[in-house]
Amino acid sequence: MGVAITVRIVYIATMIEEQAVSKSTKTAVEKVLRDRLGQAGFAGADIRADLDSDGDPILLIDVKYVYSDKPINSKLTYGLSTEVRKGHCKVNRH
């Protein structure tokens, strides 16, 4: 069974391009994605730091799904970047 990458979430974060994404950030992001997208066939995510076209730091998230002929319900993805941001911020607050 193949895996298809179908969604990219761009989340602005306080990091620079060369900076590695912490394990706790990856874990928090993956938990939000798994909770929201599990029923749609969530199969994992590639998460990395980068810079946007203005040079501002961002977090790029490529979401992987198990291949399916059925479209992903937009109710599952609506507001997902906000939820990822909230999940990430909870991990980084002390």
# chains A, B, ... in the order shown; residues from 1 in each chain; ligands from 1
>>> residues_around(residues="segment 34-38 of chain A", least_positions_apart="5", cutoff="12 Å", atoms="only C-alpha atoms", output="VMD selection string")
chain A and resid 7 26 to 29 43 to 45 63 to 66 72 to 81 83 to 84 87
>>> atom_distance(atom1="atom CA of Pro57 of chain A", atom2="atom CA of Glu30 of chain A")
19.7 Å
>>> closest_residue(among="A:Lys31, A:Lys86, A:Pro71, A:Val21", to="Leu59 of chain A", atoms="only C-alpha atoms")
A:Val21
>>> closest_residue(among="A:Ser53, A:Ile47, A:Thr82, A:Ile58", to="Ser24 of chain A", atoms="only C-alpha atoms")
A:Ile47
>>> closest_residue(among="A:Asp62, A:Ser22, A:Asp56, A:Ser68", to="Gly41 of chain A", atoms="only C-alpha atoms")
A:Ser68
>>> decode(residues="segment 29-42 of chain A", atoms="all heavy atoms", output="short mmCIF file (atom, residue, chain, number, x, y, z; two decimals), in the first residue's frame")
data_model
loop_
_atom_site.label_atom_id
_atom_site.label_comp_id
_atom_site.auth_asym_id
_atom_site.auth_seq_id
_atom_site.Cartn_x
_atom_site.Cartn_y
_atom_site.Cartn_z
N VAL A 29 3.41 18.24 17.45
CA VAL A 29 2.79 18.42 16.14
C VAL A 29 2.20 17.10 15.66
O VAL A 29 1.05 17.05 15.19
CB VAL A 29 3.80 18.99 15.13
CG1 VAL A 29 3.25 18.94 13.71
CG2 VAL A 29 4.19 20.42 15.50
N GLU A 30 2.96 16.03 15.77
CA GLU A 30 2.48 14.72 15.32
C GLU A 30 1.25 14.26 16.10
O GLU A 30 0.35 13.65 15.54
CB GLU A 30 3.59 13.69 15.38
CG GLU A 30 4.63 13.89 14.31
CD GLU A 30 5.84 12.99 14.44
OE1 GLU A 30 6.01 12.32 15.48
OE2 GLU A 30 6.64 12.97 13.48
N LYS A 31 1.19 14.58 17.40
CA LYS A 31 0.01 14.21 18.20
C LYS A 31 -1.23 14.93 17.69
O LYS A 31 -2.29 14.32 17.52
CB LYS A 31 0.23 14.51 19.67
CG LYS A 31 -0.98 14.12 20.51
CD LYS A 31 -0.83 14.46 21.96
CE LYS A 31 -2.03 14.09 22.81
NZ LYS A 31 -3.30 13.86 22.19
N VAL A 32 -1.11 16.23 17.44
CA VAL A 32 -2.25 16.99 16.91
C VAL A 32 -2.69 16.41 15.57
O VAL A 32 -3.89 16.20 15.33
CB VAL A 32 -1.90 18.49 16.77
CG1 VAL A 32 -2.98 19.24 16.00
CG2 VAL A 32 -1.68 19.13 18.13
N LEU A 33 -1.74 16.14 14.70
CA LEU A 33 -2.07 15.59 13.38
C LEU A 33 -2.72 14.21 13.49
O LEU A 33 -3.72 13.93 12.82
CB LEU A 33 -0.81 15.52 12.52
CG LEU A 33 -0.18 16.86 12.16
CD1 LEU A 33 1.15 16.64 11.44
CD2 LEU A 33 -1.11 17.71 11.33
N ARG A 34 -2.18 13.36 14.34
CA ARG A 34 -2.72 12.01 14.52
C ARG A 34 -4.15 12.08 15.08
O ARG A 34 -5.04 11.38 14.61
CB ARG A 34 -1.82 11.20 15.45
CG ARG A 34 -2.12 9.74 15.54
CD ARG A 34 -1.07 8.93 16.32
NE ARG A 34 -0.37 9.62 17.39
CZ ARG A 34 0.83 10.21 17.28
NH1 ARG A 34 1.47 10.19 16.14
NH2 ARG A 34 1.39 10.79 18.31
N ASP A 35 -4.36 12.95 16.08
CA ASP A 35 -5.68 13.09 16.68
C ASP A 35 -6.71 13.59 15.66
O ASP A 35 -7.84 13.12 15.62
CB ASP A 35 -5.65 14.05 17.87
CG ASP A 35 -4.91 13.48 19.07
OD1 ASP A 35 -4.59 12.27 19.08
OD2 ASP A 35 -4.64 14.25 20.01
N ARG A 36 -6.32 14.58 14.85
CA ARG A 36 -7.25 15.18 13.90
C ARG A 36 -7.39 14.38 12.61
O ARG A 36 -8.46 14.35 12.01
CB ARG A 36 -6.77 16.59 13.53
CG ARG A 36 -7.02 17.66 14.55
CD ARG A 36 -8.45 18.16 14.58
NE ARG A 36 -8.88 18.78 13.35
CZ ARG A 36 -8.80 20.07 13.09
NH1 ARG A 36 -8.30 20.90 13.97
NH2 ARG A 36 -9.24 20.54 11.94
N LEU A 37 -6.31 13.74 12.15
CA LEU A 37 -6.31 13.15 10.82
C LEU A 37 -6.24 11.62 10.81
O LEU A 37 -6.17 11.01 9.75
CB LEU A 37 -5.14 13.71 10.01
CG LEU A 37 -5.11 15.23 9.86
CD1 LEU A 37 -3.83 15.67 9.16
CD2 LEU A 37 -6.34 15.73 9.12
N GLY A 38 -6.26 11.02 11.98
CA GLY A 38 -6.17 9.56 12.06
C GLY A 38 -7.23 8.85 11.24
O GLY A 38 -6.93 7.90 10.52
N GLN A 39 -8.45 9.32 11.31
CA GLN A 39 -9.54 8.67 10.57
C GLN A 39 -9.42 8.89 9.07
O GLN A 39 -10.07 8.20 8.28
CB GLN A 39 -10.89 9.16 11.07
CG GLN A 39 -11.17 10.61 10.83
CD GLN A 39 -12.49 11.05 11.43
OE1 GLN A 39 -13.22 10.25 12.01
NE2 GLN A 39 -12.81 12.31 11.31
N ALA A 40 -8.58 9.83 8.65
CA ALA A 40 -8.37 10.09 7.22
C ALA A 40 -7.17 9.32 6.67
O ALA A 40 -6.81 9.48 5.52
CB ALA A 40 -8.17 11.59 6.98
N GLY A 41 -6.52 8.51 7.52
CA GLY A 41 -5.39 7.71 7.07
C GLY A 41 -4.05 8.36 7.31
O GLY A 41 -3.08 8.08 6.59
N PHE A 42 -3.93 9.20 8.34
CA PHE A 42 -2.66 9.83 8.68
C PHE A 42 -1.57 8.77 8.82
O PHE A 42 -1.74 7.79 9.53
CB PHE A 42 -2.78 10.63 9.98
CG PHE A 42 -1.49 11.23 10.46
CD1 PHE A 42 -0.94 12.32 9.83
CD2 PHE A 42 -0.83 10.69 11.55
CE1 PHE A 42 0.25 12.88 10.27
CE2 PHE A 42 0.36 11.24 12.01
CZ PHE A 42 0.90 12.34 11.36
#
